[in-house]
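Note: the block below is coords29.txt and it holds compact mmCIF, C-alpha atoms.
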```
# COMPACT_ATOMS: atom_id res chain seq x y z
CA MET A 1 -81.77 34.92 -112.92
CA SER A 2 -85.53 35.40 -112.60
CA ILE A 3 -87.92 33.05 -110.84
CA LYS A 4 -91.09 31.62 -112.35
CA GLN A 5 -94.47 30.61 -111.01
CA GLY A 6 -94.06 27.41 -109.02
CA ASP A 7 -90.42 28.06 -108.06
CA LEU A 8 -89.24 28.31 -104.48
CA ALA A 9 -88.86 31.97 -103.53
CA PRO A 10 -85.31 33.11 -102.72
CA GLU A 11 -84.88 34.58 -99.24
CA ILE A 12 -85.19 38.35 -98.79
CA SER A 13 -84.07 40.04 -95.58
CA GLY A 14 -83.31 43.50 -94.36
CA ALA A 15 -84.62 46.27 -92.15
CA ASN A 16 -88.29 47.22 -92.30
CA LEU A 17 -87.89 50.96 -92.87
CA VAL A 18 -91.35 51.63 -91.42
CA THR A 19 -90.44 50.26 -87.97
CA ASP A 20 -86.63 49.88 -88.27
CA ALA A 21 -87.07 46.26 -87.12
CA PRO A 22 -85.41 43.26 -88.84
CA TRP A 23 -87.54 41.63 -91.56
CA SER A 24 -87.14 38.36 -93.46
CA LEU A 25 -89.19 36.28 -95.85
CA LYS A 26 -89.19 33.18 -93.65
CA GLY A 27 -90.12 35.30 -90.66
CA GLN A 28 -93.58 35.82 -92.19
CA ALA A 29 -94.46 32.08 -92.30
CA PRO A 30 -96.99 30.57 -92.53
CA ALA A 31 -99.06 33.59 -93.71
CA HIS A 32 -99.61 34.15 -97.43
CA LEU A 33 -97.22 36.83 -98.65
CA VAL A 34 -97.72 39.51 -101.32
CA LEU A 35 -94.52 41.21 -102.51
CA ALA A 36 -94.59 44.40 -104.54
CA PHE A 37 -91.34 45.23 -106.31
CA VAL A 38 -91.92 48.92 -106.94
CA GLY A 39 -90.08 52.20 -106.57
CA ILE A 40 -92.00 54.61 -104.35
CA THR A 41 -89.55 57.52 -104.60
CA GLY A 42 -88.83 59.84 -107.49
CA GLY A 43 -92.43 60.85 -108.23
CA SER A 44 -95.04 59.31 -110.55
CA PRO A 45 -95.95 56.49 -111.09
CA GLY A 46 -94.47 55.35 -107.77
CA ASP A 47 -96.74 57.85 -106.01
CA MET A 48 -99.81 56.05 -107.29
CA PHE A 49 -98.49 52.54 -106.61
CA ALA A 50 -97.79 53.46 -102.98
CA GLY A 51 -101.37 54.65 -102.52
CA VAL A 52 -102.88 51.57 -104.18
CA LEU A 53 -100.83 49.17 -102.03
CA GLU A 54 -101.61 50.93 -98.76
CA ALA A 55 -105.33 51.12 -99.61
CA ALA A 56 -105.37 47.39 -100.47
CA TRP A 57 -103.69 46.52 -97.17
CA ASN A 58 -106.22 48.58 -95.19
CA SER A 59 -109.07 46.82 -97.03
CA PHE A 60 -107.82 43.23 -96.66
CA LYS A 61 -105.53 43.08 -93.59
CA SER A 62 -108.26 41.36 -91.56
CA SER A 63 -108.92 38.74 -94.25
CA GLN A 64 -108.65 35.01 -93.73
CA PRO A 65 -106.38 33.20 -94.27
CA PRO A 66 -103.85 35.69 -92.84
CA PHE A 67 -101.52 37.40 -95.28
CA VAL A 68 -98.65 39.86 -95.19
CA MET A 69 -97.88 42.52 -97.78
CA ALA A 70 -94.46 44.12 -98.25
CA ILE A 71 -92.87 46.62 -100.62
CA ILE A 72 -89.45 45.48 -101.86
CA ALA A 73 -87.81 48.78 -102.75
CA GLY A 74 -84.79 49.06 -104.98
CA TYR A 75 -85.01 51.45 -107.88
CA GLN A 76 -86.99 54.58 -108.68
CA SER A 77 -89.73 53.94 -111.23
CA SER A 78 -89.51 56.13 -114.33
CA GLY A 79 -92.37 55.70 -116.77
CA LEU A 80 -94.04 52.39 -117.47
CA GLY A 81 -91.77 49.74 -116.04
CA GLY A 82 -88.68 51.87 -116.41
CA VAL A 83 -85.80 51.95 -113.95
CA ALA A 84 -83.83 54.94 -112.75
CA LYS A 85 -81.26 55.25 -109.98
CA LYS A 86 -81.20 53.19 -106.80
CA GLU A 87 -83.47 54.30 -104.00
CA THR A 88 -81.90 55.51 -100.77
CA ILE A 89 -82.97 54.96 -97.18
CA GLN A 90 -83.42 58.71 -96.72
CA ASP A 91 -85.72 59.02 -99.75
CA LEU A 92 -87.69 55.92 -98.76
CA LYS A 93 -88.29 57.18 -95.23
CA ALA A 94 -89.52 60.49 -96.68
CA ALA A 95 -91.91 58.60 -99.00
CA ILE A 96 -93.14 56.44 -96.11
CA GLN A 97 -94.03 59.57 -94.17
CA LYS A 98 -95.51 61.37 -97.19
CA PHE A 99 -97.81 58.51 -98.23
CA LYS A 100 -98.49 57.32 -94.65
CA ILE A 101 -97.28 53.80 -95.51
CA THR A 102 -97.76 51.21 -92.77
CA ILE A 103 -96.89 48.03 -94.66
CA PRO A 104 -93.23 46.89 -94.44
CA VAL A 105 -90.78 48.56 -96.83
CA ILE A 106 -87.51 46.66 -97.34
CA LEU A 107 -84.66 48.11 -99.36
CA SER A 108 -83.25 45.16 -101.33
CA PRO A 109 -82.15 46.16 -104.85
CA ASP A 110 -80.30 42.87 -105.35
CA SER A 111 -83.60 40.99 -104.99
CA TRP A 112 -84.93 42.82 -108.05
CA PHE A 113 -82.43 40.94 -110.23
CA THR A 114 -83.25 37.64 -108.50
CA TYR A 115 -87.01 37.86 -108.86
CA LEU A 116 -87.64 39.98 -111.96
CA PHE A 117 -87.24 39.35 -115.65
CA MET A 118 -84.28 41.31 -116.96
CA ASP A 119 -86.39 42.98 -119.65
CA VAL A 120 -89.18 43.84 -117.17
CA PRO A 121 -87.34 45.42 -114.23
CA GLY A 122 -90.50 46.51 -112.41
CA PRO A 123 -92.96 47.18 -111.00
CA ALA A 124 -94.04 43.59 -110.33
CA LEU A 125 -96.32 41.66 -107.97
CA TYR A 126 -95.73 38.21 -106.46
CA CYS A 127 -97.98 36.06 -104.28
CA LEU A 128 -96.09 33.49 -102.18
CA HIS A 129 -97.55 30.52 -100.26
CA TRP A 130 -95.68 28.88 -97.39
CA GLU A 131 -94.69 25.27 -98.05
CA ALA A 132 -94.09 23.54 -94.72
CA ALA A 133 -92.44 20.50 -96.26
CA SER A 134 -89.79 22.67 -97.91
CA THR A 135 -89.70 25.20 -95.05
CA ALA A 136 -89.78 27.88 -97.71
CA TYR A 137 -92.14 30.06 -99.68
CA ARG A 138 -93.21 29.05 -103.19
CA VAL A 139 -94.40 31.44 -105.93
CA ALA A 140 -98.14 30.84 -106.32
CA LYS A 141 -99.03 33.75 -108.61
CA MET A 142 -97.06 36.51 -110.26
CA LYS A 143 -97.62 39.68 -112.25
CA PRO A 144 -94.19 40.51 -113.70
CA SER A 145 -95.27 43.78 -115.31
CA TRP A 146 -97.62 45.96 -113.29
CA GLN A 147 -98.91 48.89 -115.33
CA PRO A 148 -100.21 52.09 -113.65
CA GLY A 149 -103.18 52.46 -115.97
CA SER A 150 -104.92 49.44 -114.40
CA ALA A 151 -102.89 48.98 -111.20
CA GLN A 152 -105.94 48.75 -108.97
CA GLN A 153 -107.62 46.00 -111.01
CA GLN A 154 -104.40 44.02 -111.45
CA LEU A 155 -103.79 44.06 -107.70
CA ASN A 156 -107.40 43.02 -107.06
CA ASP A 157 -107.04 40.12 -109.49
CA LEU A 158 -103.78 38.92 -107.94
CA LEU A 159 -105.21 39.05 -104.40
CA ALA A 160 -108.23 37.02 -105.50
CA ALA A 161 -106.07 34.45 -107.29
CA CYS A 162 -103.82 34.26 -104.24
CA GLY A 163 -106.75 33.37 -102.01
CA ILE A 164 -106.68 36.60 -100.04
CA GLY A 165 -110.08 37.15 -98.46
CA ALA A 166 -110.96 33.44 -98.30
CA ASP A 167 -113.46 32.28 -95.71
CA ILE A 168 -114.65 28.92 -94.34
CA ILE A 169 -118.07 28.25 -95.83
CA PRO A 170 -119.96 25.10 -94.66
CA ILE A 171 -121.50 23.09 -97.48
CA GLY A 172 -123.53 19.94 -97.79
CA GLY A 173 -126.46 20.98 -95.60
CA GLY A 174 -126.21 17.77 -93.56
CA GLY A 175 -123.12 18.52 -91.57
CA GLY A 176 -120.78 17.96 -94.49
CA PRO A 177 -117.17 19.12 -94.36
CA PRO A 178 -116.46 22.82 -94.74
CA GLU A 179 -114.96 24.15 -97.94
CA THR A 180 -112.57 27.06 -98.28
CA ARG A 181 -113.65 29.39 -101.04
CA PRO A 182 -111.93 32.63 -102.03
CA LEU A 183 -114.13 35.67 -101.67
CA THR A 184 -113.86 38.16 -104.51
CA PRO A 185 -112.13 41.35 -103.33
CA PRO A 186 -114.09 44.60 -103.70
CA SER A 187 -114.00 45.89 -107.24
CA VAL A 188 -113.02 49.35 -106.00
CA ILE A 189 -110.03 50.17 -103.83
CA PRO A 190 -109.70 53.84 -102.81
CA MET A 191 -106.67 55.30 -104.50
CA PRO A 192 -105.22 58.65 -105.41
CA VAL A 193 -106.18 60.00 -108.83
CA PHE A 194 -103.62 61.73 -111.02
CA MET A 195 -104.34 63.53 -114.29
CA GLN A 196 -102.30 65.59 -116.73
CA PHE A 197 -104.03 68.75 -117.97
CA LEU A 198 -103.63 70.30 -121.42
CA GLY A 199 -105.00 73.77 -122.06
CA GLY A 200 -106.48 75.92 -119.32
CA PRO A 201 -108.59 73.75 -116.95
CA THR A 202 -106.51 74.83 -113.96
CA SER A 203 -107.30 78.51 -114.62
CA ASP A 204 -111.06 78.18 -115.38
CA GLY A 205 -110.47 77.67 -119.10
CA GLY A 206 -111.35 74.70 -121.27
CA GLY A 207 -108.98 71.92 -122.18
CA ILE A 208 -108.31 68.18 -121.92
CA GLY A 209 -107.41 65.93 -118.99
CA ILE A 210 -105.25 62.84 -119.69
CA THR A 211 -105.70 59.91 -117.26
CA PHE A 212 -102.97 57.39 -116.31
CA GLY A 213 -104.50 55.01 -118.83
CA GLY A 214 -104.01 57.58 -121.59
CA HIS A 215 -107.71 58.40 -121.98
CA PRO A 216 -108.51 62.03 -122.95
CA ILE A 217 -111.38 63.69 -121.06
CA PRO A 218 -112.74 67.00 -122.48
CA ILE A 219 -113.12 69.66 -119.77
CA PRO A 220 -115.36 72.65 -120.64
CA PRO A 221 -114.47 76.14 -119.39
CA TRP A 222 -116.02 77.43 -116.18
CA ASP A 223 -119.44 78.99 -116.80
CA PRO A 224 -120.43 81.53 -114.10
CA LEU A 225 -124.03 81.63 -115.42
CA ARG A 226 -124.53 77.91 -114.77
CA ALA A 227 -125.37 78.67 -111.13
CA LEU A 228 -128.35 80.78 -112.32
CA GLY A 229 -130.07 77.76 -113.83
CA PRO A 230 -132.35 77.90 -116.91
CA SER A 231 -132.83 81.67 -116.63
CA GLY A 232 -129.10 82.25 -116.75
CA ARG A 233 -128.84 79.98 -119.78
CA ASP A 234 -131.68 81.85 -121.56
CA ALA A 235 -130.05 85.22 -120.86
CA GLN A 236 -126.78 83.95 -122.32
CA LEU A 237 -128.51 82.56 -125.41
CA GLY A 238 -130.36 85.85 -125.84
CA LEU A 239 -127.07 87.74 -125.93
CA TRP A 240 -125.66 85.31 -128.49
CA ILE A 241 -128.77 85.63 -130.68
CA THR A 242 -128.65 89.42 -130.52
CA GLY A 243 -124.97 89.38 -131.46
CA LEU A 244 -125.60 87.02 -134.38
CA ALA A 245 -128.49 89.22 -135.60
CA ALA A 246 -126.14 92.16 -136.01
CA GLN A 247 -124.20 90.19 -138.64
CA ILE A 248 -127.21 89.55 -140.91
CA GLY A 249 -127.29 91.72 -144.03
CA ASP A 250 -131.04 91.66 -144.64
CA ALA A 251 -132.65 94.39 -142.48
CA ASP A 252 -135.98 92.62 -141.85
CA SER A 253 -134.31 89.34 -140.84
CA ARG A 254 -131.79 91.21 -138.71
CA ASN A 255 -134.53 93.13 -136.83
CA GLN A 256 -136.66 90.03 -136.24
CA LEU A 257 -133.77 87.99 -134.88
CA SER A 258 -132.56 90.91 -132.77
CA LYS A 259 -136.02 91.36 -131.24
CA ALA A 260 -136.15 87.64 -130.46
CA GLY A 261 -132.80 87.82 -128.69
CA ILE A 262 -133.77 90.90 -126.68
CA HIS A 263 -137.09 89.29 -125.74
CA ALA A 264 -135.24 86.21 -124.44
CA ILE A 265 -132.95 88.43 -122.36
CA LYS A 266 -135.83 90.45 -120.85
CA THR A 267 -137.85 87.32 -120.04
CA ALA A 268 -134.84 85.69 -118.37
CA LEU A 269 -134.14 88.80 -116.29
CA ALA A 270 -137.78 88.97 -115.21
CA HIS A 271 -137.61 85.35 -114.00
CA LEU A 272 -134.37 86.09 -112.14
CA GLU A 273 -135.97 89.09 -110.39
CA GLN A 274 -138.86 86.89 -109.27
CA GLY A 275 -136.36 84.44 -107.80
```
Would you mind giving the structure from this file in structure tokens?
Amino acid sequence: MSIKQGDLAPEISGANLVTDAPWSLKGQAPAHLVLAFVGITGGSPGDMFAGVLEAAWNSFKSSQPPFVMAIIAGYQSSGLGGVAKKETIQDLKAAIQKFKITIPVILSPDSWFTYLFMDVPGPALYCLHWEAASTAYRVAKMKPSWQPGSAQQQLNDLLAACGIGADIIPIGGGGGPPETRPLTPPSVIPMPVFMQFLGGPTSDGGGIGITFGGHPIPIPPWDPLRALGPSGRDAQLGLWITGLAAQIGDADSRNQLSKAGIHAIKTALAHLEQG
């Protein structure tokens, strides 16, 4: 069974693996609650999600109204929304230390099948609001499929829709009642950047970098003459021109182009000697 927006949120309880203290959903009342169902062990993309969540918490933990963020661990993420084996306490504690996670991490794999759609096993984000009349949390907003390519923006959007970062702003000018308005979260949350390289960028060669969103970025090879500025560029062009001249069959054209290349080299070297 999966819950929908507007449903009462089923209870989640367990040990907070960051502090080893007991943790429960109701124990966070009446603060707003943001749950992230995401695997943070087993490598990418869990690595990136862990960094995004921790950075968001550091940016908004002093916001009003108060809110609590928690990672509900359960299964290792494999690919976009894929699920691998169950996470273990040992692996989770290693990830907590590696990524310097301070927000609560609760191992509750059974909750994944209570909260999530069966065909979208994770990662997912839920915003819960405390409902005093029901003495329970209710699902205010949800993002049942959280993709790594735009994880930062999706988390920003959910926090804004959840009212995280709201402030009391007086309106009316004449002592009218205050109004609570959500403040828009910063458009940029610091986060780790991961890229896959094709070719030789890691060994000073040219190639392509592939971002998490699948966008290719051409990367030129390292050019040691770039540090020499325009003179270094002219010397390099002069060498190319001289080399091209040697391939021309017509003697007059070959000599003229060769002289032009040599002149460019000599002029560049003279400028380099002058500093």
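Around the coordinate (-129.6, 82.3, -126.2), residues that reach within 12 Å when counting all atoms listed in the file are Pro230, Ser231, Gly232, Arg233, Asp234, Ala235, Gln236, Leu237, Gly238, Leu239, Trp240, Ile241, Thr242, Gly243, Leu244, Ala245, Leu257, Ser258, Ala260, Gly261, Ile262, His263, Ala264, Ile265, Lys266, Thr267 and Ala268 of chain A.
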Have a look at CA of Tyr137 in chain A and CA of Phe67 in chain A and let me know their distance in Å, one decimal.
12.7 Å
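With distances taken over all atoms listed in the file, A:Gln76 is the one residue among A:Gln76, A:Asn16, A:Ser253, A:Gln154 lying closest to Asp91 in chain A.
Closest approach to Glu87 in chain A among A:Leu116, A:Leu107, A:Leu53, A:Ala246 is made by A:Leu107 (distances from all atoms listed in the file).
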Using all atoms listed in the file, can you list as a PyMOL selection string the residues within 12 Å of (-91.9, 56.1, -98.4)?
chain A and resi 16-18+38-43+46-51+53-54+71-74+76+87-107
Using the selection just defined, write its residues with C-alpha atoms as a PDB file, in the frame of the given file.
```pdb
ATOM      1  CA  ASN A  16     -88.290  47.220 -92.300  1.00  0.00           C
ATOM      2  CA  LEU A  17     -87.890  50.960 -92.870  1.00  0.00           C
ATOM      3  CA  VAL A  18     -91.350  51.630 -91.420  1.00  0.00           C
ATOM      4  CA  VAL A  38     -91.920  48.920-106.940  1.00  0.00           C
ATOM      5  CA  GLY A  39     -90.080  52.200-106.570  1.00  0.00           C
ATOM      6  CA  ILE A  40     -92.000  54.610-104.350  1.00  0.00           C
ATOM      7  CA  THR A  41     -89.550  57.520-104.600  1.00  0.00           C
ATOM      8  CA  GLY A  42     -88.830  59.840-107.490  1.00  0.00           C
ATOM      9  CA  GLY A  43     -92.430  60.850-108.230  1.00  0.00           C
ATOM     10  CA  GLY A  46     -94.470  55.350-107.770  1.00  0.00           C
ATOM     11  CA  ASP A  47     -96.740  57.850-106.010  1.00  0.00           C
ATOM     12  CA  MET A  48     -99.810  56.050-107.290  1.00  0.00           C
ATOM     13  CA  PHE A  49     -98.490  52.540-106.610  1.00  0.00           C
ATOM     14  CA  ALA A  50     -97.790  53.460-102.980  1.00  0.00           C
ATOM     15  CA  GLY A  51    -101.370  54.650-102.520  1.00  0.00           C
ATOM     16  CA  LEU A  53    -100.830  49.170-102.030  1.00  0.00           C
ATOM     17  CA  GLU A  54    -101.610  50.930 -98.760  1.00  0.00           C
ATOM     18  CA  ILE A  71     -92.870  46.620-100.620  1.00  0.00           C
ATOM     19  CA  ILE A  72     -89.450  45.480-101.860  1.00  0.00           C
ATOM     20  CA  ALA A  73     -87.810  48.780-102.750  1.00  0.00           C
ATOM     21  CA  GLY A  74     -84.790  49.060-104.980  1.00  0.00           C
ATOM     22  CA  GLN A  76     -86.990  54.580-108.680  1.00  0.00           C
ATOM     23  CA  GLU A  87     -83.470  54.300-104.000  1.00  0.00           C
ATOM     24  CA  THR A  88     -81.900  55.510-100.770  1.00  0.00           C
ATOM     25  CA  ILE A  89     -82.970  54.960 -97.180  1.00  0.00           C
ATOM     26  CA  GLN A  90     -83.420  58.710 -96.720  1.00  0.00           C
ATOM     27  CA  ASP A  91     -85.720  59.020 -99.750  1.00  0.00           C
ATOM     28  CA  LEU A  92     -87.690  55.920 -98.760  1.00  0.00           C
ATOM     29  CA  LYS A  93     -88.290  57.180 -95.230  1.00  0.00           C
ATOM     30  CA  ALA A  94     -89.520  60.490 -96.680  1.00  0.00           C
ATOM     31  CA  ALA A  95     -91.910  58.600 -99.000  1.00  0.00           C
ATOM     32  CA  ILE A  96     -93.140  56.440 -96.110  1.00  0.00           C
ATOM     33  CA  GLN A  97     -94.030  59.570 -94.170  1.00  0.00           C
ATOM     34  CA  LYS A  98     -95.510  61.370 -97.190  1.00  0.00           C
ATOM     35  CA  PHE A  99     -97.810  58.510 -98.230  1.00  0.00           C
ATOM     36  CA  LYS A 100     -98.490  57.320 -94.650  1.00  0.00           C
ATOM     37  CA  ILE A 101     -97.280  53.800 -95.510  1.00  0.00           C
ATOM     38  CA  THR A 102     -97.760  51.210 -92.770  1.00  0.00           C
ATOM     39  CA  ILE A 103     -96.890  48.030 -94.660  1.00  0.00           C
ATOM     40  CA  PRO A 104     -93.230  46.890 -94.440  1.00  0.00           C
ATOM     41  CA  VAL A 105     -90.780  48.560 -96.830  1.00  0.00           C
ATOM     42  CA  ILE A 106     -87.510  46.660 -97.340  1.00  0.00           C
ATOM     43  CA  LEU A 107     -84.660  48.110 -99.360  1.00  0.00           C
TER      44      LEU A 107
END
```
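Rounded to one decimal, CA of Ser24 in chain A and CA of His129 in chain A lie 14.7 Å from each other.
Minimum distance to Val139 in chain A across A:Ser62, A:Pro123, A:His32, A:Phe37 (counting all atoms listed in the file) occurs at A:His32.
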Taking all atoms of range 69-72 of chain A that the file lists, what box with edges along x, y and z, padded by 4 Å per side, do you get, with centre and edge lengths in Å to one decimal, as JSON?
```
{"center_x": -93.7, "center_y": 44.6, "center_z": -99.8, "size_x": 16.4, "size_y": 12.1, "size_z": 12.1}
```
Identify which of the residues A:Ala136, A:Gly229, A:Ala55, A:Lys61 lies closest to Glu11 in chain A, counting only C-alpha atoms when measuring atom-to-atom distances.
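So, comparing all the options, the nearest one is A:Ala136.
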